[in-house]
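Text of query00.csv, listed as CSV, C-alpha atoms and all ligand atoms:
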chain,number,residue,atom,x,y,z
W,127,MET,CA,100.7,74.0,167.4
W,128,ASN,CA,104.0,75.6,168.5
W,129,THR,CA,106.5,73.7,170.7
W,130,TYR,CA,107.1,76.7,172.9
W,131,SER,CA,104.5,79.3,174.1
W,132,ALA,CA,107.2,82.0,173.8
W,133,ILE,CA,110.9,82.7,173.3
W,134,VAL,CA,112.8,84.8,175.7
W,135,ILE,CA,116.3,85.9,174.6
W,136,PHE,CA,118.9,87.5,176.8
W,137,TYR,CA,122.0,88.7,175.0
W,138,PHE,CA,125.2,90.6,175.7
W,139,SER,CA,127.1,92.3,172.8
W,140,GLY,CA,130.1,94.5,172.6
W,141,THR,CA,130.3,95.2,168.8
W,142,GLY,CA,126.9,93.8,167.7
W,143,ASN,CA,127.6,90.2,166.6
W,144,SER,CA,125.7,88.6,169.4
W,145,LYS,CA,122.9,91.1,169.0
W,146,LYS,CA,122.7,90.1,165.4
W,147,VAL,CA,122.4,86.4,166.2
W,148,ALA,CA,119.6,87.3,168.8
W,149,GLU,CA,117.8,89.2,166.1
W,150,TRP,CA,118.1,86.5,163.5
W,151,PHE,CA,116.9,83.9,165.9
W,152,SER,CA,113.9,86.0,166.8
W,153,GLU,CA,113.1,86.5,163.1
W,154,VAL,CA,112.8,82.7,162.7
W,155,ALA,CA,110.6,82.5,165.8
W,156,ILE,CA,108.3,85.3,164.7
W,157,LYS,CA,107.9,83.6,161.2
W,158,LYS,CA,106.7,80.5,163.2
W,159,ASN,CA,104.2,82.8,164.9
W,160,MET,CA,105.9,82.6,168.3
W,161,ILE,CA,106.1,85.5,170.7
W,162,CYS,CA,109.7,86.5,171.1
W,163,ASN,CA,111.1,89.0,173.7
W,164,ILE,CA,114.7,90.1,173.5
W,165,TYR,CA,116.6,91.6,176.5
W,166,ASP,CA,120.0,93.3,176.5
W,167,ILE,CA,121.8,91.9,179.6
W,168,SER,CA,123.7,95.1,180.1
W,169,LYS,CA,120.4,97.1,180.4
W,170,THR,CA,118.3,94.5,182.3
W,171,GLU,CA,117.9,94.3,186.1
W,172,ILE,CA,117.1,90.6,186.9
W,173,HIS,CA,114.3,91.6,189.3
W,174,SER,CA,112.6,93.6,186.5
W,175,ILE,CA,112.2,90.6,184.2
W,176,GLU,CA,108.5,89.6,183.7
W,177,PRO,CA,107.7,86.1,185.0
W,178,ILE,CA,108.6,83.5,182.3
W,179,SER,CA,106.0,80.7,181.8
W,180,ASN,CA,107.3,77.1,182.1
W,181,ASN,CA,106.6,76.4,178.4
W,182,SER,CA,108.8,79.2,177.2
W,183,LEU,CA,112.2,78.7,175.8
W,184,ILE,CA,115.0,80.7,177.3
W,185,VAL,CA,118.0,81.6,175.1
W,186,PHE,CA,121.3,83.2,176.3
W,187,ILE,CA,123.6,84.7,173.6
W,188,SER,CA,127.0,86.3,174.3
W,189,PRO,CA,130.4,86.7,172.8
W,190,VAL,CA,133.3,84.5,174.1
W,191,HIS,CA,136.0,86.4,175.8
W,192,GLY,CA,139.2,84.6,176.8
W,193,PHE,CA,137.6,81.1,176.2
W,194,ASN,CA,134.7,81.9,178.5
W,195,TYR,CA,131.6,84.0,178.6
W,196,PRO,CA,132.5,87.6,179.9
W,197,LYS,CA,131.9,88.3,183.6
W,198,ILE,CA,128.8,90.3,182.9
W,199,THR,CA,127.1,87.3,181.2
W,200,LEU,CA,128.3,84.8,183.8
W,201,ARG,CA,127.1,87.1,186.7
W,202,PHE,CA,123.7,87.5,185.0
W,203,ILE,CA,123.3,83.7,184.6
W,204,LYS,CA,124.5,83.1,188.2
W,205,ASN,CA,121.9,85.6,189.5
W,206,PHE,CA,119.1,84.3,187.2
W,207,PRO,CA,116.1,83.0,189.1
W,208,SER,CA,115.5,79.2,189.3
W,209,GLY,CA,113.1,77.6,186.8
W,210,LYS,CA,112.2,74.4,185.0
W,211,ASN,CA,112.3,75.8,181.4
W,212,LYS,CA,114.4,74.5,178.5
W,213,VAL,CA,117.4,76.7,177.9
W,214,VAL,CA,119.6,77.1,174.8
W,215,LEU,CA,123.1,78.6,175.2
W,216,MET,CA,124.6,80.3,172.2
W,217,ASN,CA,127.8,82.2,171.7
W,218,THR,CA,129.5,84.2,169.0
W,219,ARG,CA,133.2,83.5,168.6
W,220,ALA,CA,136.1,84.8,166.5
W,221,GLY,CA,135.5,83.8,162.9
W,222,MET,CA,138.1,84.4,160.2
W,223,LYS,CA,137.9,83.7,156.5
W,224,ILE,CA,140.3,81.6,154.5
W,225,GLY,CA,139.1,81.2,150.9
W,226,SER,CA,135.5,80.2,151.2
W,227,ILE,CA,135.9,78.7,154.7
W,228,ILE,CA,135.1,80.4,158.0
W,229,THR,CA,137.7,79.3,160.5
W,230,PRO,CA,136.1,78.5,163.9
W,231,GLY,CA,136.8,80.4,167.2
W,232,ILE,CA,137.2,78.7,170.5
W,233,THR,CA,134.4,78.4,173.1
W,234,GLY,CA,136.5,77.2,176.0
W,235,ILE,CA,134.5,76.8,179.2
W,236,ALA,CA,131.7,79.2,178.4
W,237,PHE,CA,129.0,76.6,177.9
W,238,ILE,CA,130.3,74.2,180.6
W,239,ILE,CA,130.2,76.8,183.4
W,240,SER,CA,126.9,78.3,182.4
W,241,SER,CA,125.3,74.8,181.9
W,242,ILE,CA,126.4,73.8,185.4
W,243,LEU,CA,125.0,77.1,186.9
W,244,LEU,CA,121.6,76.7,185.1
W,245,LYS,CA,121.2,73.0,185.8
W,246,SER,CA,121.8,73.7,189.5
W,247,LYS,CA,118.8,76.1,189.2
W,248,GLY,CA,116.5,73.4,187.7
W,249,TYR,CA,116.7,74.3,184.0
W,250,LYS,CA,117.1,71.7,181.2
W,251,ILE,CA,119.8,72.5,178.7
W,252,ALA,CA,118.4,71.9,175.2
W,253,GLY,CA,121.3,73.2,173.1
W,254,GLN,CA,124.8,74.6,173.1
W,255,ILE,CA,125.5,76.3,169.7
W,256,PRO,CA,128.5,78.5,168.8
W,257,PHE,CA,128.5,80.9,165.8
W,258,ASP,CA,131.7,82.1,164.2
W,259,MET,CA,131.0,85.7,163.6
W,260,PRO,CA,133.8,88.2,162.5
W,261,SER,CA,136.4,88.5,165.2
W,262,ASN,CA,136.2,91.9,166.9
W,263,TRP,CA,139.4,91.6,169.0
W,264,ILE,CA,141.1,94.5,167.3
W,265,SER,CA,143.5,95.1,170.2
W,266,ILE,CA,145.4,92.1,168.9
W,267,HIS,CA,144.7,92.0,165.2
W,268,PRO,CA,143.6,94.4,162.4
W,269,ALA,CA,139.8,94.6,161.7
W,270,LEU,CA,138.5,92.3,159.0
W,271,ASN,CA,137.7,94.1,155.7
W,272,GLU,CA,134.0,94.7,154.8
W,273,LYS,CA,133.9,92.1,152.1
W,274,THR,CA,134.9,89.4,154.5
W,275,VAL,CA,132.5,90.7,157.2
W,276,ARG,CA,129.7,90.6,154.7
W,277,PHE,CA,130.5,87.0,153.7
W,278,ILE,CA,130.7,85.9,157.4
W,279,HIS,CA,127.4,87.6,158.2
W,280,GLN,CA,125.7,85.9,155.3
W,281,GLU,CA,127.1,82.4,156.3
W,282,ASN,CA,126.1,82.9,159.9
W,283,PHE,CA,122.6,84.1,159.0
W,284,ASP,CA,122.1,80.8,157.2
W,285,ARG,CA,123.6,78.8,160.1
W,286,VAL,CA,121.4,80.6,162.6
W,287,LYS,CA,118.3,79.9,160.5
W,288,LYS,CA,119.2,76.2,160.3
W,289,HIS,CA,119.9,75.8,164.1
W,290,SER,CA,116.9,78.0,165.1
W,291,ASP,CA,114.6,75.8,163.0
W,292,LYS,CA,115.9,72.7,164.7
W,293,ILE,CA,115.6,74.2,168.2
W,294,LEU,CA,112.1,75.7,167.6
W,295,ASP,CA,110.9,72.3,166.3
W,296,GLY,CA,111.6,71.0,169.9
W,297,LYS,CA,114.8,69.1,169.0
W,298,LYS,CA,118.1,69.3,170.9
W,299,ASP,CA,121.1,70.8,169.3
W,300,PHE,CA,124.6,70.3,170.9
W,301,LEU,CA,126.8,71.4,168.0
W,302,ALA,CA,129.4,72.6,170.6
W,303,LEU,CA,130.1,69.0,171.7
W,304,ARG,CA,132.3,68.5,168.7
W,305,ASP,CA,134.8,70.9,170.3
W,306,LEU,CA,134.5,69.4,173.8
W,307,ILE,CA,138.0,68.0,174.1
W,308,GLN,CA,139.6,71.2,172.9
W,309,ASP,CA,137.3,73.3,175.2
W,310,ILE,CA,138.3,71.2,178.3
W,311,LEU,CA,142.1,71.3,177.4
W,312,ILE,CA,142.0,75.1,177.2
W,313,ALA,CA,140.3,75.5,180.6
W,314,PRO,CA,143.5,76.6,182.5
W,315,ILE,CA,144.0,79.4,180.0
W,316,SER,CA,140.3,80.4,180.4
W,317,LEU,CA,140.7,80.7,184.1
W,318,GLY,CA,144.0,82.6,183.7
W,319,TYR,CA,142.3,85.1,181.4
W,320,PHE,CA,139.3,85.4,183.8
W,321,PHE,CA,141.4,86.2,186.9
W,322,ILE,CA,144.4,88.0,185.3
W,323,GLY,CA,144.4,88.5,181.6
W,324,ARG,CA,141.1,90.4,181.6
W,325,ASN,CA,142.5,93.0,183.9
W,326,VAL,CA,145.6,93.4,181.9
W,327,PHE,CA,143.7,94.0,178.7
W,328,ALA,CA,141.5,96.5,180.5
W,329,LYS,CA,144.6,98.6,181.0
W,330,SER,CA,145.7,98.6,177.4
W,331,PHE,CA,143.2,101.3,176.3
W,332,TYR,CA,143.8,105.0,176.3
W,333,ALA,CA,142.3,108.1,174.7
W,334,SER,CA,144.7,109.8,172.3
W,335,TYR,CA,145.1,113.5,171.5
W,336,LYS,CA,142.1,113.2,169.1
W,337,CYS,CA,139.7,112.8,172.0
W,338,ASP,CA,137.4,115.8,172.4
W,339,ASN,CA,135.9,114.6,175.6
W,340,CYS,CA,132.4,114.1,174.0
W,341,GLY,CA,131.7,111.4,176.7
W,342,ILE,CA,130.1,108.9,174.3
W,343,CYS,CA,132.4,106.1,175.4
W,344,ILE,CA,131.7,106.8,179.1
W,345,ASN,CA,127.9,106.8,178.6
W,346,GLN,CA,127.8,103.8,176.3
W,347,CYS,CA,130.1,101.4,178.2
W,348,PRO,CA,127.8,98.5,179.2
W,349,VAL,CA,129.6,98.1,182.5
W,350,LYS,CA,130.4,101.8,183.3
W,351,ALA,CA,134.1,101.0,183.3
W,352,ILE,CA,135.4,104.4,182.0
W,353,LYS,CA,135.6,107.3,184.3
W,354,THR,CA,137.1,110.8,183.9
W,355,ILE,CA,140.4,111.5,185.6
W,356,LYS,CA,142.1,114.9,185.0
W,357,GLY,CA,139.5,115.7,182.4
W,358,HIS,CA,140.2,112.6,180.2
W,359,PRO,CA,138.7,109.1,179.9
W,360,TYR,CA,140.4,106.6,182.1
W,361,TRP,CA,139.8,102.8,181.9
W,362,THR,CA,139.2,100.9,185.2
W,363,PHE,CA,139.6,97.2,186.0
W,364,ASN,CA,135.8,96.8,185.5
W,365,CYS,CA,136.4,96.9,181.7
W,366,GLU,CA,135.3,93.7,180.0
W,367,SER,CA,137.4,94.5,176.9
W,368,CYS,CA,134.2,94.2,174.9
W,369,MET,CA,135.6,96.6,172.3
W,370,LYS,CA,132.4,98.7,172.1
W,371,CYS,CA,134.1,102.0,173.1
W,372,MET,CA,137.1,101.5,170.8
W,373,ASN,CA,134.9,100.8,167.8
W,374,SER,CA,132.3,103.5,168.5
W,375,CYS,CA,134.4,106.5,169.3
W,376,PRO,CA,133.4,109.1,166.6
W,377,LYS,CA,137.0,110.6,166.7
W,378,ARG,CA,138.7,107.1,166.4
W,379,ALA,CA,140.6,108.3,169.5
W,380,ILE,CA,140.7,105.1,171.5
W,381,GLU,CA,143.8,103.1,171.0
W,382,THR,CA,145.6,100.1,172.4
W,383,ALA,CA,149.0,101.1,173.6
W,384,HIS,CA,151.1,98.3,172.0
W,385,GLY,CA,154.5,99.9,172.3
W,386,LEU,CA,154.0,101.0,175.9
W,387,PHE,CA,152.5,97.7,176.8
W,388,VAL,CA,155.6,95.7,175.6
W,389,PHE,CA,157.8,98.2,177.5
W,390,LEU,CA,155.7,97.7,180.7
W,391,ALA,CA,155.6,93.9,180.4
W,392,PHE,CA,159.4,94.0,180.1
W,393,LEU,CA,159.8,96.3,183.1
W,394,ILE,CA,157.4,94.3,185.3
W,395,LEU,CA,159.2,91.1,184.3
W,396,ARG,CA,162.6,92.6,185.2
W,397,ILE,CA,161.3,93.9,188.5
W,398,SER,CA,159.9,90.5,189.3
W,399,THR,CA,163.0,88.5,188.4
W,400,VAL,CA,165.6,90.9,189.9
W,401,ILE,CA,163.8,92.0,193.2
W,402,ILE,CA,160.7,89.9,193.9
W,403,THR,CA,161.8,86.3,193.0
W,404,PRO,CA,165.0,86.5,195.0
W,405,PHE,CA,163.1,88.0,198.0
W,406,LEU,CA,160.5,85.2,197.9
W,407,TYR,CA,163.2,82.6,197.4
W,408,TYR,CA,165.1,83.9,200.5
W,409,ARG,CA,161.8,83.7,202.5
W,410,ASP,CA,161.4,80.0,201.3
W,411,ILE,CA,157.9,80.7,199.7
W,412,ASN,CA,156.6,77.9,197.6
W,413,GLY,CA,156.2,77.9,193.8
W,414,SER,CA,152.4,78.4,193.4
W,415,ILE,CA,152.2,81.1,196.1
W,416,GLU,CA,155.1,82.8,194.3
W,417,PHE,CA,153.2,82.6,191.0
W,418,ILE,CA,150.1,84.2,192.5
W,419,LEU,CA,152.1,86.9,194.4
W,420,ILE,CA,154.0,87.9,191.2
W,421,ASN,CA,150.8,88.1,189.2
W,422,LEU,CA,149.1,90.3,191.9
W,423,LEU,CA,152.2,92.5,192.1
W,424,GLY,CA,152.2,92.7,188.3
W,425,ILE,CA,148.7,93.9,188.2
W,426,GLY,CA,149.5,96.4,191.0
W,427,PHE,CA,152.4,97.7,189.0
W,428,LEU,CA,150.3,97.8,185.9
W,429,PHE,CA,147.7,100.0,187.7
W,430,LEU,CA,150.4,102.3,188.9
W,431,PHE,CA,152.1,102.6,185.5
W,432,TYR,CA,148.7,103.0,183.8
W,433,TYR,CA,148.0,106.0,186.0
W,434,LEU,CA,151.4,107.5,185.3
W,435,GLN,CA,150.8,107.0,181.5
W,436,HIS,CA,147.5,108.8,181.9
W,437,LEU,CA,149.3,111.8,183.4
W,438,ILE,CA,152.1,111.9,180.9
W,439,LEU,CA,149.8,111.6,178.0
W,440,LYS,CA,149.4,115.4,178.2
W,441,LYS,CA,153.1,115.9,177.5
W,442,SER,CA,153.8,116.2,173.9
W,443,VAL,CA,156.9,113.9,173.6
W,444,ALA,CA,155.4,111.1,175.6
W,445,ARG,CA,152.1,111.5,173.8
W,446,LYS,CA,153.8,111.1,170.4
W,447,LEU,CA,155.8,108.2,171.6
W,448,ILE,CA,152.8,106.3,172.9
W,449,THR,CA,150.6,107.2,170.0
W,450,TYR,CA,153.0,106.3,167.2
W,451,THR,CA,153.8,102.9,168.8
W,452,SER,CA,150.1,102.0,169.0
W,453,LEU,CA,149.3,99.8,166.0
W,454,THR,CA,145.6,100.7,166.2
W,455,TYR,CA,146.6,104.3,165.4
W,456,TYR,CA,147.4,103.5,161.8
W,457,LYS,CA,144.7,103.5,159.2
W,458,PHE,CA,145.2,100.0,157.9
W,459,TRP,CA,144.3,98.6,161.4
W,460,GLY,CA,140.7,99.7,161.1
W,461,ARG,CA,137.8,99.3,163.5
W,462,TYR,CA,135.0,96.7,163.7
W,463,LYS,CA,131.3,96.9,164.2
W,464,SER,CA,128.7,94.3,163.1
W,465,ILE,CA,127.1,95.5,159.8
W,466,PRO,CA,123.4,96.0,159.0
W,467,ASP,CA,121.6,93.2,157.1
W,468,PHE,CA,120.9,95.3,154.0
W,469,LYS,CA,124.7,95.3,153.3
W,470,TRP,CA,124.8,91.6,152.5
W,471,LYS,CA,121.2,90.2,152.3
W,472,LYS,CA,120.0,89.2,148.9
W,473,ILE,CA,116.5,90.5,148.6
J,501,LIG,C1,138.7,90.5,174.8
J,501,LIG,C2,138.2,89.5,173.7
J,501,LIG,C3,138.5,88.2,173.9
J,501,LIG,C4,138.0,87.3,172.9
J,501,LIG,N1,138.2,85.9,173.2
J,501,LIG,C5,137.8,85.0,172.3
J,501,LIG,C6,138.0,83.6,172.5
J,501,LIG,O1,138.5,83.2,173.5
J,501,LIG,N2,137.5,82.8,171.5
J,501,LIG,C7,136.9,83.2,170.4
J,501,LIG,O2,136.6,82.4,169.6
J,501,LIG,N3,136.7,84.5,170.2
J,501,LIG,C8,137.1,85.4,171.1
J,501,LIG,N4,136.9,86.8,170.9
J,501,LIG,C9,136.2,87.2,169.7
J,501,LIG,C10,134.7,87.5,170.0
J,501,LIG,O3,134.1,86.6,170.8
J,501,LIG,C11,133.8,87.6,168.7
J,501,LIG,O4,134.3,88.5,167.8
J,501,LIG,C12,132.4,87.9,169.1
J,501,LIG,O5,131.6,87.6,167.9
J,501,LIG,C13,132.2,89.4,169.4
J,501,LIG,O6,130.8,89.5,169.7
J,501,LIG,P1,130.1,90.9,170.0
J,501,LIG,O7,130.2,91.7,168.7
J,501,LIG,O8,128.6,90.5,170.3
J,501,LIG,O9,130.7,91.6,171.1
J,501,LIG,C14,137.3,87.7,171.8
J,501,LIG,C15,137.1,89.1,171.6
J,501,LIG,C16,137.5,90.0,172.6
J,501,LIG,C17,137.3,91.4,172.4
J,502,LIG,S1,134.1,108.7,172.6
J,502,LIG,FE1,136.2,109.1,171.9
J,502,LIG,S2,136.2,111.4,171.6
J,502,LIG,FE2,134.4,110.8,172.9
J,502,LIG,S3,135.3,111.0,175.1
J,502,LIG,FE3,135.5,108.8,174.4
J,502,LIG,S4,137.6,108.8,173.6
J,502,LIG,FE4,137.0,110.9,173.7
J,503,LIG,S1,135.5,100.3,178.6
J,503,LIG,FE1,135.1,99.9,176.5
J,503,LIG,S2,135.9,97.8,176.2
J,503,LIG,FE2,135.7,98.1,178.4
J,503,LIG,S3,133.7,97.3,178.8
J,503,LIG,FE3,133.4,99.5,178.5
J,503,LIG,S4,132.9,99.7,176.3
J,503,LIG,FE4,133.7,97.6,176.6

Structure translated into structure tokens:
Amino acid sequence: MNTYSAIVIFYFSGTGNSKKVAEWFSEVAIKKNMICNIYDISKTEIHSIEPISNNSLIVFISPVHGFNYPKITLRFIKNFPSGKNKVVLMNTRAGMKIGSIITPGITGIAFIISSILLKSKGYKIAGQIPFDMPSNWISIHPALNEKTVRFIHQENFDRVKKHSDKILDGKKDFLALRDLIQDILIAPISLGYFFIGRNVFAKSFYASYKCDNCGICINQCPVKAIKTIKGHPYWTFNCESCMKCMNSCPKRAIETAHGLFVFLAFLILRISTVIITPFLYYRDINGSIEFILINLLGIGFLFLFYYLQHLILKKSVARKLITYTSLTYYKFWGRYKSIPDFKWKKI
């Protein structure tokens, strides 16, 4: 007799890693003759979810963004109806390979916040399990090569199988507790990323001259964060930096504006120290309010400069300058998408 009457998995995924983990988990459940339903959070309205029986296991799987679950996942969990089911939280983090070892990513407060939210709704947390899938954060590092990606997928498939077996046999699995101290220590950075960093990264994308306005990025964005301004894709603050658009553009036209970003960061810092800080000092405004004001102004400036960048991208000199100082433009940087199982699975 099965421990659970059914398994219901909710996942969010930018570049396919979390989707893969959801599929691998469901493979194990199906082999144990369990009914398993998988929902993509970005395409699921909470009120449209079929009632879940008390004996079903609910699983949430999502990438970690800035040491927390992304806003779309947290909002989904926050709005999730109350219940008494057992819940397992999983995430996929930035795995890298050194020799035959996969270095772990950092979960931060993802499990802590979502466990508190779910427990306050009556759920019982039965597991918190991170998986170190290939890092997809190619705004800040080049994409991993395919051999490494294949290795990391294979290793994680084995890990998912092992942990799914344990969970589906009715046991608890709190693998994440081994990172608890590190996760708590990093909490201030998680909050900084959630309130400020996330918005900054959203404004690092632009569509280069290679864009043919096919509209794929606009249609596929899970949070509808890209709109068209002056006939060209424009990234709004809604962007989760999930990397889906950048890694799916058929023309490889979406770039991170590294050069321009360094220039803007320098400019905003100068404006802050030369004009804003002396002004606040003169008005006797205290340190933490000053910090918040400077950050808000920084984001305001970023928005303004980003809009200007969008306009000048049409001019040939500016376009070349911005494009050639974007590291993502160069071939070696690459793009990342989770690979299909046949590329690594031994039959
Ligand atoms: C904006 C952004 C922030 C990230 N922050 C973290 C992080 O804080 N810790 C971590 O381990 N991995 C981090 N990563 C890596 C991803 O969580 C990881 O590659 C994940 O498996 C991607 O899953 P997906 O393909 O389902 O979107 C980040 C990636 C992005 C794009
Ligand atoms: S997917 Fe690429 S080519 Fe198509 S509109 Fe977006 S940026 Fe342009
Ligand atoms: S704009 Fe791109 S990176 Fe941002 S949420 Fe949409 S698909 Fe993800």

- Task: Grab me every residue within 8 Å of ligand LIG 503 (chain J), counting only C-alpha atoms and all ligand atoms, and send it over as a PyMOL selection string.
- Result: chain W and resi 140+328+343-344+346-352+361-362+364-372

- Quick one: residues within 8 Å of region 387-402 of chain W, only C-alpha atoms counted, chain neighbours fewer than 6 positions away excluded, as a PyMOL selection string? chain W and resi 330+420+424+427-428+431

Can I get the selected residues back with C-alpha atoms, as a CSV table (one decimal), in the coordinates of the input?
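Contents of again14.csv, as written:
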chain,number,residue,atom,x,y,z
W,330,SER,CA,145.7,98.6,177.4
W,420,ILE,CA,154.0,87.9,191.2
W,424,GLY,CA,152.2,92.7,188.3
W,427,PHE,CA,152.4,97.7,189.0
W,428,LEU,CA,150.3,97.8,185.9
W,431,PHE,CA,152.1,102.6,185.5

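Between Lys204 (chain W) and the candidates W:Arg219, W:Lys440, W:His191, W:Lys245, the tightest atom-to-atom separation, counting all atoms listed in the file, involves W:Lys245.
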
Could you list, as a PDB file with C-alpha atoms, in the coordinates of the input, all the residues within 8 Å of ligand LIG 501 (chain J), counting only C-alpha atoms and all ligand atoms?
ATOM      1  CA  PHE W 138     125.200  90.600 175.700  1.00  0.00           C
ATOM      2  CA  SER W 139     127.100  92.300 172.800  1.00  0.00           C
ATOM      3  CA  GLY W 140     130.100  94.500 172.600  1.00  0.00           C
ATOM      4  CA  THR W 141     130.300  95.200 168.800  1.00  0.00           C
ATOM      5  CA  GLY W 142     126.900  93.800 167.700  1.00  0.00           C
ATOM      6  CA  ASN W 143     127.600  90.200 166.600  1.00  0.00           C
ATOM      7  CA  SER W 144     125.700  88.600 169.400  1.00  0.00           C
ATOM      8  CA  LYS W 145     122.900  91.100 169.000  1.00  0.00           C
ATOM      9  CA  LYS W 146     122.700  90.100 165.400  1.00  0.00           C
ATOM     10  CA  SER W 188     127.000  86.300 174.300  1.00  0.00           C
ATOM     11  CA  PRO W 189     130.400  86.700 172.800  1.00  0.00           C
ATOM     12  CA  VAL W 190     133.300  84.500 174.100  1.00  0.00           C
ATOM     13  CA  HIS W 191     136.000  86.400 175.800  1.00  0.00           C
ATOM     14  CA  GLY W 192     139.200  84.600 176.800  1.00  0.00           C
ATOM     15  CA  PHE W 193     137.600  81.100 176.200  1.00  0.00           C
ATOM     16  CA  ASN W 194     134.700  81.900 178.500  1.00  0.00           C
ATOM     17  CA  ASN W 217     127.800  82.200 171.700  1.00  0.00           C
ATOM     18  CA  THR W 218     129.500  84.200 169.000  1.00  0.00           C
ATOM     19  CA  ARG W 219     133.200  83.500 168.600  1.00  0.00           C
ATOM     20  CA  ALA W 220     136.100  84.800 166.500  1.00  0.00           C
ATOM     21  CA  GLY W 221     135.500  83.800 162.900  1.00  0.00           C
ATOM     22  CA  PRO W 230     136.100  78.500 163.900  1.00  0.00           C
ATOM     23  CA  GLY W 231     136.800  80.400 167.200  1.00  0.00           C
ATOM     24  CA  ILE W 232     137.200  78.700 170.500  1.00  0.00           C
ATOM     25  CA  THR W 233     134.400  78.400 173.100  1.00  0.00           C
ATOM     26  CA  GLY W 234     136.500  77.200 176.000  1.00  0.00           C
ATOM     27  CA  PHE W 257     128.500  80.900 165.800  1.00  0.00           C
ATOM     28  CA  ASP W 258     131.700  82.100 164.200  1.00  0.00           C
ATOM     29  CA  MET W 259     131.000  85.700 163.600  1.00  0.00           C
ATOM     30  CA  PRO W 260     133.800  88.200 162.500  1.00  0.00           C
ATOM     31  CA  SER W 261     136.400  88.500 165.200  1.00  0.00           C
ATOM     32  CA  ASN W 262     136.200  91.900 166.900  1.00  0.00           C
ATOM     33  CA  TRP W 263     139.400  91.600 169.000  1.00  0.00           C
ATOM     34  CA  ILE W 264     141.100  94.500 167.300  1.00  0.00           C
ATOM     35  CA  SER W 265     143.500  95.100 170.200  1.00  0.00           C
ATOM     36  CA  SER W 316     140.300  80.400 180.400  1.00  0.00           C
ATOM     37  CA  ARG W 324     141.100  90.400 181.600  1.00  0.00           C
ATOM     38  CA  PHE W 327     143.700  94.000 178.700  1.00  0.00           C
ATOM     39  CA  GLU W 366     135.300  93.700 180.000  1.00  0.00           C
ATOM     40  CA  SER W 367     137.400  94.500 176.900  1.00  0.00           C
ATOM     41  CA  CYS W 368     134.200  94.200 174.900  1.00  0.00           C
ATOM     42  CA  MET W 369     135.600  96.600 172.300  1.00  0.00           C
ATOM     43  CA  LYS W 370     132.400  98.700 172.100  1.00  0.00           C
ATOM     44  CA  LYS W 463     131.300  96.900 164.200  1.00  0.00           C
ATOM     45  CA  SER W 464     128.700  94.300 163.100  1.00  0.00           C
TER      46      SER W 464
END

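In this comparison, which uses all atoms listed in the file, the residue of W:Ile178, W:Ile415, W:Leu215, W:Ile380 approaching Gly253 (chain W) most closely is W:Leu215.
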
- Task: Go through W:Ser240, W:Asn282, W:Asn271, W:Thr454 and flag the residue nearest Ala333 (chain W), using all atoms listed in the file for the distances.
- Result: W:Thr454

- Using all atoms listed in the file, determine which residues fall within 10 Å of ligand LIG 502 (chain J), then list them as a VMD selection string. chain W and resid 331 to 347 352 to 354 357 to 360 371 to 381

- Item | Residue nearest Lys210 (chain W) among W:Ile438, W:Ile312, W:Leu244, W:Leu301 (counting all atoms listed in the file) | W:Leu244
